[in-house]
Amino acid sequence: MNFILSLLHTATAVALAAGTLAARADINVGVTVSATGPAASLGIPEKNTIELMPRSIAGQKVNYIVLDDASDTTAAVTNTRRLITESKVDLILGSTTTPNSLSMLDVVSESQTPMISMAASSRIVEPVDPKRRWVFKTPQNDIMMALAIAQHMGDHNIKTVGFIGFADAYGEGWLTEFGKAAGLKGITIVATERYNRTDSSVTGQVLKLVGANPQAVLVVGSGTPAALPQKALKERGYKGQIYQTHGVANNDFLRVVGADGDGTILPAGPVLVAAQLPTHHPARKTAQEYVAAYEAKFGKGSVSTFGAHAWDAGLLMQRAVTVALKKAQPGTPAFRAALRDALEATREMPGAHGIFTMSPNDHNGLDQRARVMVKIDKGNWVHQP
């Protein structure tokens, strides 16, 4: 009789354990990127990088649901709602551009779903108010890169600059931040022009810039559309120094801008020139690991700094998931909250673009170790020590 009771107890315990394992849901990660549209040269490497992310973390299966928002803010919002309501995701990665990421804030905050953006503007995470409490991002803040440009201008005795940037949140954010940085270095912005990502001509804007005769021009765009003002400036015979932002740091930009890009100066993340960095650079090892993983799958020379922003989002996700699994089950509000808290508690995590240390007041977490200065020379990226 005791033997039979023992068997029954064992069978019951096994059944309960099996039921517990079966009840534990997969981790679902929602991704919306701009794989088509004007920002496709940024979004495609991000989408590719999702394929390199782990399918299991701490023994728990991870599913990635990837959608294309076509560089459109309305589509980004629709995708985010779909991922949260239909796919029941625990975390959102995306989107590619600043306007799209800003448009997603209300949706993720209402549902209390953590989000890691791969877009640049500090407005995505600042200030860390109740809405942005759920939002993090991996690219360097605009002010960090703006200060690097202003420093370079100051070091080369440039006192006047023309500005032409996207007529959206990315361009406006950069104008604000660069204005601060330029003021610190005694640099005057003598002309300010804007254009749309989908424009096919900027002749009128460039004529005004050339007419103002600035010593340098800063082009604030991202991806291949940023080549348009640069080529127009060269066509009009502009001889001053041209600067771009880290929004152009991919080979598609080099292809489109061609020889008109030579001599351009820009700040960028370490990934762009990983092999050229000194061995002691804190991001060199992680940057080279990403380059090796990406090029092994997609071909030599295919790597992009924008894909590396997705890679860093994946590294942050992995660390946060490992912590959150000890506190709650996937698919629950408690797990989403634990993910958010774990992201905010990130300390000194090496990424491909720098070292991440988050806090309740800093949901980007990068410092000056996340930027380098780069020059385009004969169609190549060259590190400027």
# chains A, B, ... in the order shown; residues from 1 in each chain; ligands from 1

call {"tool": "residues_around", "arguments": {"residues": "range 339-355 of chain A", "least_positions_apart": "5", "cutoff": "6 Å", "atoms": "only C-alpha atoms", "output": "mmCIF file with N, CA and C atoms, in the first residue's frame"}}
result
data_model
loop_
_atom_site.group_PDB
_atom_site.id
_atom_site.type_symbol
_atom_site.label_atom_id
_atom_site.label_comp_id
_atom_site.auth_asym_id
_atom_site.auth_seq_id
_atom_site.Cartn_x
_atom_site.Cartn_y
_atom_site.Cartn_z
ATOM 1 N N PRO A 114 8.381 47.822 -21.951
ATOM 2 C CA PRO A 114 9.682 48.460 -22.172
ATOM 3 C C PRO A 114 10.052 48.487 -23.652
ATOM 4 N N GLY A 269 30.164 56.187 -34.122
ATOM 5 C CA GLY A 269 30.401 55.177 -33.117
ATOM 6 C C GLY A 269 31.630 54.360 -33.474
ATOM 7 N N PRO A 270 32.249 53.699 -32.499
ATOM 8 C CA PRO A 270 33.490 52.948 -32.719
ATOM 9 C C PRO A 270 33.388 51.853 -33.776
ATOM 10 N N ALA A 283 35.695 49.895 -26.383
ATOM 11 C CA ALA A 283 34.642 49.285 -27.202
ATOM 12 C C ALA A 283 35.206 48.429 -28.339
ATOM 13 N N THR A 286 34.217 44.435 -28.336
ATOM 14 C CA THR A 286 32.804 44.173 -28.621
ATOM 15 C C THR A 286 32.442 44.611 -30.031
ATOM 16 N N ALA A 287 33.011 45.718 -30.480
ATOM 17 C CA ALA A 287 32.752 46.192 -31.840
ATOM 18 C C ALA A 287 33.248 45.177 -32.863
ATOM 19 N N ASP A 312 23.514 46.293 -29.903
ATOM 20 C CA ASP A 312 23.586 46.774 -28.518
ATOM 21 C C ASP A 312 22.241 46.646 -27.811
ATOM 22 N N ALA A 320 19.029 42.101 -19.349
ATOM 23 C CA ALA A 320 17.796 42.387 -18.611
ATOM 24 C C ALA A 320 16.931 41.143 -18.448
ATOM 25 N N ALA A 324 15.382 39.527 -15.120
ATOM 26 C CA ALA A 324 13.925 39.530 -14.970
ATOM 27 C C ALA A 324 13.352 38.130 -14.780
ATOM 28 N N LEU A 366 25.450 56.175 -22.435
ATOM 29 C CA LEU A 366 26.754 56.241 -23.084
ATOM 30 C C LEU A 366 27.502 57.506 -22.675
ATOM 31 N N ARG A 369 33.293 57.692 -24.414
ATOM 32 C CA ARG A 369 33.932 56.501 -24.990
ATOM 33 C C ARG A 369 33.155 55.979 -26.191
ATOM 34 N N ALA A 370 31.974 56.535 -26.441
ATOM 35 C CA ALA A 370 31.105 56.037 -27.516
ATOM 36 C C ALA A 370 31.240 56.831 -28.808
#

call {"tool": "select_by_dssp", "arguments": {"residues": "range 40-266 of chain A", "states": "alpha helix (DSSP H)", "output": "number ranges by chain"}}
result
A: 40-50, 73-85, 98-111, 142-155, 169-184, 203-212, 227-235, 251-257

call {"tool": "select_by_dssp", "arguments": {"residues": "range 29-128 of chain A", "states": "strand (DSSP E or B)", "output": "ChimeraX atom specification"}}
result
/A:29-33,56-57,60-68,91-94,115-117

call {"tool": "write_last_selection", "arguments": {"atoms": "N, CA and C atoms", "output": "mmCIF file, in the first residue's frame"}}
result
data_model
loop_
_atom_site.group_PDB
_atom_site.id
_atom_site.type_symbol
_atom_site.label_atom_id
_atom_site.label_comp_id
_atom_site.auth_asym_id
_atom_site.auth_seq_id
_atom_site.Cartn_x
_atom_site.Cartn_y
_atom_site.Cartn_z
ATOM 1 N N VAL A 29 9.609 39.081 -28.296
ATOM 2 C CA VAL A 29 10.225 40.386 -28.531
ATOM 3 C C VAL A 29 9.652 40.954 -29.824
ATOM 4 N N GLY A 30 9.036 42.120 -29.737
ATOM 5 C CA GLY A 30 8.489 42.785 -30.915
ATOM 6 C C GLY A 30 9.494 43.747 -31.513
ATOM 7 N N VAL A 31 9.622 43.725 -32.826
ATOM 8 C CA VAL A 31 10.590 44.581 -33.514
ATOM 9 C C VAL A 31 9.881 45.336 -34.628
ATOM 10 N N THR A 32 10.033 46.650 -34.657
ATOM 11 C CA THR A 32 9.581 47.435 -35.806
ATOM 12 C C THR A 32 10.757 48.271 -36.293
ATOM 13 N N VAL A 33 11.124 48.067 -37.563
ATOM 14 C CA VAL A 33 12.249 48.791 -38.161
ATOM 15 C C VAL A 33 11.843 49.334 -39.525
ATOM 16 N N SER A 56 17.509 31.720 -27.423
ATOM 17 C CA SER A 56 17.306 31.221 -26.063
ATOM 18 C C SER A 56 18.161 32.053 -25.118
ATOM 19 N N ILE A 57 17.573 32.494 -24.019
ATOM 20 C CA ILE A 57 18.292 33.255 -22.999
ATOM 21 C C ILE A 57 18.014 32.608 -21.654
ATOM 22 N N GLN A 60 15.530 29.934 -21.664
ATOM 23 C CA GLN A 60 14.160 30.274 -22.039
ATOM 24 C C GLN A 60 14.090 30.641 -23.518
ATOM 25 N N LYS A 61 13.145 30.072 -24.244
ATOM 26 C CA LYS A 61 13.003 30.339 -25.669
ATOM 27 C C LYS A 61 12.602 31.792 -25.923
ATOM 28 N N VAL A 62 13.197 32.383 -26.961
ATOM 29 C CA VAL A 62 12.899 33.765 -27.341
ATOM 30 C C VAL A 62 12.381 33.790 -28.773
ATOM 31 N N ASN A 63 11.235 34.425 -28.966
ATOM 32 C CA ASN A 63 10.657 34.608 -30.298
ATOM 33 C C ASN A 63 10.763 36.073 -30.697
ATOM 34 N N TYR A 64 11.125 36.327 -31.960
ATOM 35 C CA TYR A 64 11.201 37.700 -32.471
ATOM 36 C C TYR A 64 10.125 37.879 -33.536
ATOM 37 N N ILE A 65 9.268 38.874 -33.340
ATOM 38 C CA ILE A 65 8.239 39.194 -34.329
ATOM 39 C C ILE A 65 8.667 40.509 -34.983
ATOM 40 N N VAL A 66 9.090 40.443 -36.243
ATOM 41 C CA VAL A 66 9.705 41.591 -36.924
ATOM 42 C C VAL A 66 8.749 42.176 -37.953
ATOM 43 N N LEU A 67 8.482 43.480 -37.839
ATOM 44 C CA LEU A 67 7.601 44.181 -38.767
ATOM 45 C C LEU A 67 8.342 45.358 -39.396
ATOM 46 N N ASP A 68 7.941 45.720 -40.591
ATOM 47 C CA ASP A 68 8.515 46.862 -41.313
ATOM 48 C C ASP A 68 7.556 48.039 -41.213
ATOM 49 N N LEU A 91 8.700 43.003 -24.812
ATOM 50 C CA LEU A 91 9.654 44.077 -25.066
ATOM 51 C C LEU A 91 9.545 44.513 -26.516
ATOM 52 N N ILE A 92 9.739 45.813 -26.759
ATOM 53 C CA ILE A 92 9.755 46.359 -28.121
ATOM 54 C C ILE A 92 11.169 46.825 -28.445
ATOM 55 N N LEU A 93 11.678 46.442 -29.618
ATOM 56 C CA LEU A 93 12.923 46.984 -30.152
ATOM 57 C C LEU A 93 12.568 47.831 -31.371
ATOM 58 N N GLY A 94 12.990 49.099 -31.385
ATOM 59 C CA GLY A 94 12.714 49.957 -32.524
ATOM 60 C C GLY A 94 12.226 51.327 -32.075
ATOM 61 N N MET A 115 10.736 49.541 -24.048
ATOM 62 C CA MET A 115 11.117 49.756 -25.446
ATOM 63 C C MET A 115 12.569 50.194 -25.506
ATOM 64 N N ILE A 116 13.330 49.620 -26.431
ATOM 65 C CA ILE A 116 14.701 50.066 -26.692
ATOM 66 C C ILE A 116 14.741 50.588 -28.121
ATOM 67 N N SER A 117 14.897 51.898 -28.259
ATOM 68 C CA SER A 117 14.921 52.516 -29.578
ATOM 69 C C SER A 117 16.318 52.432 -30.187
#

call {"tool": "closest_residue", "arguments": {"among": "A:His363, A:Lys326, A:Lys180, A:Arg319", "to": "Pro139 in chain A", "atoms": "only C-alpha atoms"}}
result
A:His363

call {"tool": "residues_around", "arguments": {"residues": "Gly379 in chain A", "least_positions_apart": "4", "cutoff": "9 Å", "atoms": "only C-alpha atoms", "output": "MDAnalysis selection string"}}
result
chainID A and resid 254:255 258:259 261:262

call {"tool": "residues_around", "arguments": {"residues": "range 296-304 of chain A", "least_positions_apart": "2", "cutoff": "8 Å", "atoms": "only C-alpha atoms", "output": "list of chain:residue names"}}
result
A:Pro45, A:Ala249, A:Asn250, A:Asn251, A:Val271, A:Leu272, A:Val291, A:Ala292, A:Ala293, A:Tyr294, A:Phe306, A:Gly307, A:Ala308

call {"tool": "write_last_selection", "arguments": {"atoms": "N, CA and C atoms", "output": "mmCIF file, in the first residue's frame"}}
result
data_model
loop_
_atom_site.group_PDB
_atom_site.id
_atom_site.type_symbol
_atom_site.label_atom_id
_atom_site.label_comp_id
_atom_site.auth_asym_id
_atom_site.auth_seq_id
_atom_site.Cartn_x
_atom_site.Cartn_y
_atom_site.Cartn_z
ATOM 1 N N PRO A 45 20.114 46.892 -42.133
ATOM 2 C CA PRO A 45 21.100 46.239 -41.263
ATOM 3 C C PRO A 45 20.585 45.973 -39.851
ATOM 4 N N ALA A 249 26.708 57.094 -41.225
ATOM 5 C CA ALA A 249 27.830 56.167 -41.060
ATOM 6 C C ALA A 249 27.533 54.765 -41.575
ATOM 7 N N ASN A 250 27.288 54.660 -42.877
ATOM 8 C CA ASN A 250 27.165 53.333 -43.497
ATOM 9 C C ASN A 250 27.652 53.388 -44.946
ATOM 10 N N ASN A 251 27.883 52.219 -45.509
ATOM 11 C CA ASN A 251 28.463 52.147 -46.853
ATOM 12 C C ASN A 251 27.501 52.596 -47.945
ATOM 13 N N VAL A 271 32.196 51.297 -33.991
ATOM 14 C CA VAL A 271 32.049 50.195 -34.946
ATOM 15 C C VAL A 271 32.516 50.577 -36.339
ATOM 16 N N LEU A 272 32.313 51.833 -36.720
ATOM 17 C CA LEU A 272 32.620 52.264 -38.081
ATOM 18 C C LEU A 272 34.079 52.029 -38.438
ATOM 19 N N VAL A 291 31.213 43.027 -35.771
ATOM 20 C CA VAL A 291 31.629 43.053 -37.172
ATOM 21 C C VAL A 291 31.842 41.629 -37.692
ATOM 22 N N ALA A 292 32.507 40.812 -36.904
ATOM 23 C CA ALA A 292 32.791 39.437 -37.318
ATOM 24 C C ALA A 292 31.502 38.629 -37.486
ATOM 25 N N ALA A 293 30.577 38.778 -36.532
ATOM 26 C CA ALA A 293 29.318 38.028 -36.592
ATOM 27 C C ALA A 293 28.478 38.463 -37.787
ATOM 28 N N TYR A 294 28.402 39.771 -38.035
ATOM 29 C CA TYR A 294 27.569 40.281 -39.129
ATOM 30 C C TYR A 294 28.152 39.886 -40.485
ATOM 31 N N PHE A 306 24.521 51.186 -37.964
ATOM 32 C CA PHE A 306 23.114 51.164 -37.566
ATOM 33 C C PHE A 306 22.703 49.768 -37.108
ATOM 34 N N GLY A 307 23.237 48.761 -37.761
ATOM 35 C CA GLY A 307 23.011 47.412 -37.284
ATOM 36 C C GLY A 307 23.575 47.224 -35.892
ATOM 37 N N ALA A 308 24.683 47.901 -35.615
ATOM 38 C CA ALA A 308 25.301 47.791 -34.292
ATOM 39 C C ALA A 308 24.426 48.394 -33.203
#

call {"tool": "residues_around", "arguments": {"residues": "Phe163 in chain A", "least_positions_apart": "4", "cutoff": "9 Å", "atoms": "only C-alpha atoms", "output": "PDB file with N, CA, C and O atoms, in the first residue's frame"}}
result
ATOM      1  N   LEU A 175      19.526  70.833 -34.561  1.00  0.00           N
ATOM      2  CA  LEU A 175      19.704  72.288 -34.625  1.00  0.00           C
ATOM      3  C   LEU A 175      19.798  72.865 -33.210  1.00  0.00           C
ATOM      4  O   LEU A 175      20.648  73.723 -32.929  1.00  0.00           O
ATOM      5  N   ILE A 189      26.116  80.369 -36.447  1.00  0.00           N
ATOM      6  CA  ILE A 189      25.350  79.738 -37.527  1.00  0.00           C
ATOM      7  C   ILE A 189      24.789  80.866 -38.384  1.00  0.00           C
ATOM      8  O   ILE A 189      23.896  81.605 -37.964  1.00  0.00           O
ATOM      9  N   VAL A 190      25.313  81.017 -39.614  1.00  0.00           N
ATOM     10  CA  VAL A 190      24.969  82.170 -40.451  1.00  0.00           C
ATOM     11  C   VAL A 190      23.822  81.872 -41.421  1.00  0.00           C
ATOM     12  O   VAL A 190      23.285  82.789 -42.043  1.00  0.00           O
ATOM     13  N   ALA A 191      23.438  80.597 -41.566  1.00  0.00           N
ATOM     14  CA  ALA A 191      22.327  80.237 -42.449  1.00  0.00           C
ATOM     15  C   ALA A 191      21.752  78.911 -41.977  1.00  0.00           C
ATOM     16  O   ALA A 191      22.488  77.999 -41.602  1.00  0.00           O
ATOM     17  N   THR A 192      20.417  78.818 -41.987  1.00  0.00           N
ATOM     18  CA  THR A 192      19.736  77.603 -41.537  1.00  0.00           C
ATOM     19  C   THR A 192      18.711  77.194 -42.583  1.00  0.00           C
ATOM     20  O   THR A 192      17.800  77.973 -42.906  1.00  0.00           O
ATOM     21  N   GLU A 193      18.850  76.004 -43.131  1.00  0.00           N
ATOM     22  CA  GLU A 193      17.940  75.499 -44.157  1.00  0.00           C
ATOM     23  C   GLU A 193      17.454  74.097 -43.782  1.00  0.00           C
ATOM     24  O   GLU A 193      18.120  73.373 -43.042  1.00  0.00           O
ATOM     25  N   ARG A 194      16.282  73.739 -44.322  1.00  0.00           N
ATOM     26  CA  ARG A 194      15.712  72.424 -44.046  1.00  0.00           C
ATOM     27  C   ARG A 194      15.256  71.765 -45.344  1.00  0.00           C
ATOM     28  O   ARG A 194      14.983  72.453 -46.327  1.00  0.00           O
ATOM     29  N   LEU A 209      22.699  78.807 -48.777  1.00  0.00           N
ATOM     30  CA  LEU A 209      23.859  78.474 -47.950  1.00  0.00           C
ATOM     31  C   LEU A 209      25.137  79.041 -48.564  1.00  0.00           C
ATOM     32  O   LEU A 209      25.935  79.686 -47.878  1.00  0.00           O
ATOM     33  N   ALA A 216      32.158  76.588 -43.074  1.00  0.00           N
ATOM     34  CA  ALA A 216      31.812  75.164 -43.069  1.00  0.00           C
ATOM     35  C   ALA A 216      30.306  75.016 -43.172  1.00  0.00           C
ATOM     36  O   ALA A 216      29.551  75.951 -42.880  1.00  0.00           O
ATOM     37  N   VAL A 217      29.869  73.849 -43.597  1.00  0.00           N
ATOM     38  CA  VAL A 217      28.445  73.518 -43.631  1.00  0.00           C
ATOM     39  C   VAL A 217      28.239  72.186 -42.904  1.00  0.00           C
ATOM     40  O   VAL A 217      28.979  71.228 -43.133  1.00  0.00           O
ATOM     41  N   LEU A 218      27.242  72.164 -42.027  1.00  0.00           N
ATOM     42  CA  LEU A 218      26.857  70.929 -41.343  1.00  0.00           C
ATOM     43  C   LEU A 218      25.575  70.408 -41.980  1.00  0.00           C
ATOM     44  O   LEU A 218      24.560  71.101 -42.002  1.00  0.00           O
ATOM     45  N   VAL A 219      25.648  69.192 -42.514  1.00  0.00           N
ATOM     46  CA  VAL A 219      24.478  68.530 -43.089  1.00  0.00           C
ATOM     47  C   VAL A 219      23.928  67.569 -42.045  1.00  0.00           C
ATOM     48  O   VAL A 219      24.641  66.666 -41.585  1.00  0.00           O
ATOM     49  N   VAL A 220      22.674  67.769 -41.673  1.00  0.00           N
ATOM     50  CA  VAL A 220      22.058  66.920 -40.655  1.00  0.00           C
ATOM     51  C   VAL A 220      20.976  66.068 -41.298  1.00  0.00           C
ATOM     52  O   VAL A 220      19.834  66.493 -41.498  1.00  0.00           O
TER      53      VAL A 220
END

call {"tool": "closest_residue", "arguments": {"among": "A:Gly165, A:Gly154, A:Pro330, A:Gly314", "to": "Lys137 in chain A", "atoms": "only C-alpha atoms"}}
result
A:Gly314

call {"tool": "atom_distance", "arguments": {"atom1": "CA of Thr73 in chain A", "atom2": "CA of Gly162 in chain A"}}
result
28.7 Å

call {"tool": "residues_around", "arguments": {"residues": "Thr96 in chain A", "least_positions_apart": "6", "cutoff": "8 Å", "atoms": "only C-alpha atoms", "output": "list in words"}}
result
Thr32, Val33, Ser34, Ala39, Leu42, Gly43, Glu46, Ser71, Ser117, Met118 and Ala119 of chain A

call {"tool": "write_last_selection", "arguments": {"atoms": "all heavy atoms", "output": "tab-separated table (two decimals), in the first residue's frame"}}
result
chain	number	residue	atom	x	y	z
A	32	THR	N	10.03	46.65	-34.66
A	32	THR	CA	9.58	47.43	-35.81
A	32	THR	C	10.76	48.27	-36.29
A	32	THR	O	11.36	49.04	-35.53
A	32	THR	CB	8.36	48.32	-35.49
A	32	THR	OG1	8.01	49.07	-36.66
A	32	THR	CG2	8.60	49.25	-34.32
A	33	VAL	N	11.12	48.07	-37.56
A	33	VAL	CA	12.25	48.79	-38.16
A	33	VAL	C	11.84	49.33	-39.52
A	33	VAL	O	10.87	48.88	-40.13
A	33	VAL	CB	13.50	47.89	-38.32
A	33	VAL	CG1	14.09	47.53	-36.99
A	33	VAL	CG2	13.16	46.63	-39.11
A	34	SER	N	12.61	50.30	-40.00
A	34	SER	CA	12.34	50.92	-41.31
A	34	SER	C	13.12	50.19	-42.38
A	34	SER	O	14.14	50.68	-42.88
A	34	SER	CB	12.69	52.41	-41.26
A	34	SER	OG	11.98	53.06	-40.23
A	39	ALA	N	14.50	55.58	-44.95
A	39	ALA	CA	15.47	55.15	-43.93
A	39	ALA	C	15.89	53.69	-44.10
A	39	ALA	O	16.47	53.10	-43.19
A	39	ALA	CB	14.90	55.37	-42.53
A	42	LEU	N	19.29	52.34	-43.16
A	42	LEU	CA	19.52	52.19	-41.73
A	42	LEU	C	18.78	50.96	-41.20
A	42	LEU	O	19.31	50.17	-40.42
A	42	LEU	CB	19.03	53.43	-40.96
A	42	LEU	CG	19.81	54.73	-41.04
A	42	LEU	CD1	19.88	55.29	-42.45
A	42	LEU	CD2	19.20	55.76	-40.10
A	43	GLY	N	17.54	50.80	-41.65
A	43	GLY	CA	16.68	49.76	-41.12
A	43	GLY	C	17.05	48.35	-41.57
A	43	GLY	O	16.87	47.39	-40.81
A	46	GLU	N	19.66	46.79	-39.38
A	46	GLU	CA	19.04	46.51	-38.08
A	46	GLU	C	18.22	45.23	-38.15
A	46	GLU	O	18.31	44.36	-37.27
A	46	GLU	CB	18.17	47.69	-37.65
A	46	GLU	CG	18.94	48.95	-37.34
A	46	GLU	CD	18.07	50.17	-37.11
A	46	GLU	OE1	16.84	50.09	-37.34
A	46	GLU	OE2	18.62	51.20	-36.70
A	71	SER	N	9.48	53.43	-42.76
A	71	SER	CA	9.93	54.81	-42.46
A	71	SER	C	8.77	55.76	-42.21
A	71	SER	O	8.91	56.98	-42.36
A	71	SER	CB	10.82	55.36	-43.58
A	71	SER	OG	11.86	54.46	-43.94
A	117	SER	N	14.90	51.90	-28.26
A	117	SER	CA	14.92	52.52	-29.58
A	117	SER	C	16.32	52.43	-30.19
A	117	SER	O	17.32	52.40	-29.48
A	117	SER	CB	14.50	53.99	-29.48
A	117	SER	OG	14.69	54.65	-30.72
A	118	MET	N	16.35	52.43	-31.52
A	118	MET	CA	17.62	52.44	-32.26
A	118	MET	C	17.78	53.76	-33.01
A	118	MET	O	18.50	53.83	-34.01
A	118	MET	CB	17.68	51.24	-33.19
A	118	MET	CG	17.69	49.92	-32.42
A	118	MET	SD	17.48	48.44	-33.42
A	118	MET	CE	15.72	48.44	-33.73
A	119	ALA	N	17.08	54.80	-32.55
A	119	ALA	CA	17.15	56.13	-33.14
A	119	ALA	C	17.93	57.07	-32.22
A	119	ALA	O	18.08	56.80	-31.03
A	119	ALA	CB	15.75	56.66	-33.41

call {"tool": "closest_residue", "arguments": {"among": "A:Lys375, A:Ala35, A:Glu235, A:Arg82", "to": "Thr49 in chain A", "atoms": "only C-alpha atoms"}}
result
A:Ala35

call {"tool": "closest_residue", "arguments": {"among": "A:Met317, A:Val89, A:Met358, A:Met145", "to": "Ile27 in chain A", "atoms": "only C-alpha atoms"}}
result
A:Val89

call {"tool": "closest_residue", "arguments": {"among": "A:Val372, A:Leu228, A:Ala313, A:Val125", "to": "Pro267 in chain A", "atoms": "only C-alpha atoms"}}
result
A:Val372

call {"tool": "atom_distance", "arguments": {"atom1": "CA of Glu295 in chain A", "atom2": "CA of Val248 in chain A"}}
result
19.5 Å

call {"tool": "closest_residue", "arguments": {"among": "A:Thr78, A:Asn100, A:Thr138, A:Ser95", "to": "Ile44 in chain A", "atoms": "only C-alpha atoms"}}
result
A:Ser95

call {"tool": "atom_distance", "arguments": {"atom1": "CA of Gln384 in chain A", "atom2": "CA of Thr188 in chain A"}}
result
24.6 Å

call {"tool": "decode", "arguments": {"residues": "range 56-68 of chain A", "atoms": "N, CA, C and O atoms", "output": "mmCIF file, in the first residue's frame"}}
result
data_model
loop_
_atom_site.group_PDB
_atom_site.id
_atom_site.type_symbol
_atom_site.label_atom_id
_atom_site.label_comp_id
_atom_site.auth_asym_id
_atom_site.auth_seq_id
_atom_site.Cartn_x
_atom_site.Cartn_y
_atom_site.Cartn_z
ATOM 1 N N SER A 56 17.509 31.720 -27.423
ATOM 2 C CA SER A 56 17.306 31.221 -26.063
ATOM 3 C C SER A 56 18.161 32.053 -25.118
ATOM 4 O O SER A 56 19.332 32.311 -25.410
ATOM 5 N N ILE A 57 17.573 32.494 -24.019
ATOM 6 C CA ILE A 57 18.292 33.255 -22.999
ATOM 7 C C ILE A 57 18.014 32.608 -21.654
ATOM 8 O O ILE A 57 16.855 32.431 -21.263
ATOM 9 N N ALA A 58 19.076 32.240 -20.946
ATOM 10 C CA ALA A 58 18.952 31.584 -19.635
ATOM 11 C C ALA A 58 18.026 30.367 -19.708
ATOM 12 O O ALA A 58 17.224 30.113 -18.806
ATOM 13 N N GLY A 59 18.117 29.648 -20.813
ATOM 14 C CA GLY A 59 17.316 28.448 -20.988
ATOM 15 C C GLY A 59 15.889 28.682 -21.415
ATOM 16 O O GLY A 59 15.111 27.725 -21.562
ATOM 17 N N GLN A 60 15.530 29.934 -21.664
ATOM 18 C CA GLN A 60 14.160 30.274 -22.039
ATOM 19 C C GLN A 60 14.090 30.641 -23.518
ATOM 20 O O GLN A 60 14.891 31.440 -24.019
ATOM 21 N N LYS A 61 13.145 30.072 -24.244
ATOM 22 C CA LYS A 61 13.003 30.339 -25.669
ATOM 23 C C LYS A 61 12.602 31.792 -25.923
ATOM 24 O O LYS A 61 11.768 32.354 -25.215
ATOM 25 N N VAL A 62 13.197 32.383 -26.961
ATOM 26 C CA VAL A 62 12.899 33.765 -27.341
ATOM 27 C C VAL A 62 12.381 33.790 -28.773
ATOM 28 O O VAL A 62 13.007 33.241 -29.683
ATOM 29 N N ASN A 63 11.235 34.425 -28.966
ATOM 30 C CA ASN A 63 10.657 34.608 -30.298
ATOM 31 C C ASN A 63 10.763 36.073 -30.697
ATOM 32 O O ASN A 63 10.508 36.965 -29.886
ATOM 33 N N TYR A 64 11.125 36.327 -31.960
ATOM 34 C CA TYR A 64 11.201 37.700 -32.471
ATOM 35 C C TYR A 64 10.125 37.879 -33.536
ATOM 36 O O TYR A 64 10.072 37.116 -34.508
ATOM 37 N N ILE A 65 9.268 38.874 -33.340
ATOM 38 C CA ILE A 65 8.239 39.194 -34.329
ATOM 39 C C ILE A 65 8.667 40.509 -34.983
ATOM 40 O O ILE A 65 8.643 41.568 -34.352
ATOM 41 N N VAL A 66 9.090 40.443 -36.243
ATOM 42 C CA VAL A 66 9.705 41.591 -36.924
ATOM 43 C C VAL A 66 8.749 42.176 -37.953
ATOM 44 O O VAL A 66 8.278 41.468 -38.853
ATOM 45 N N LEU A 67 8.482 43.480 -37.839
ATOM 46 C CA LEU A 67 7.601 44.181 -38.767
ATOM 47 C C LEU A 67 8.342 45.358 -39.396
ATOM 48 O O LEU A 67 9.240 45.940 -38.789
ATOM 49 N N ASP A 68 7.941 45.720 -40.591
ATOM 50 C CA ASP A 68 8.515 46.862 -41.313
ATOM 51 C C ASP A 68 7.556 48.039 -41.213
ATOM 52 O O ASP A 68 6.376 47.921 -41.548
#
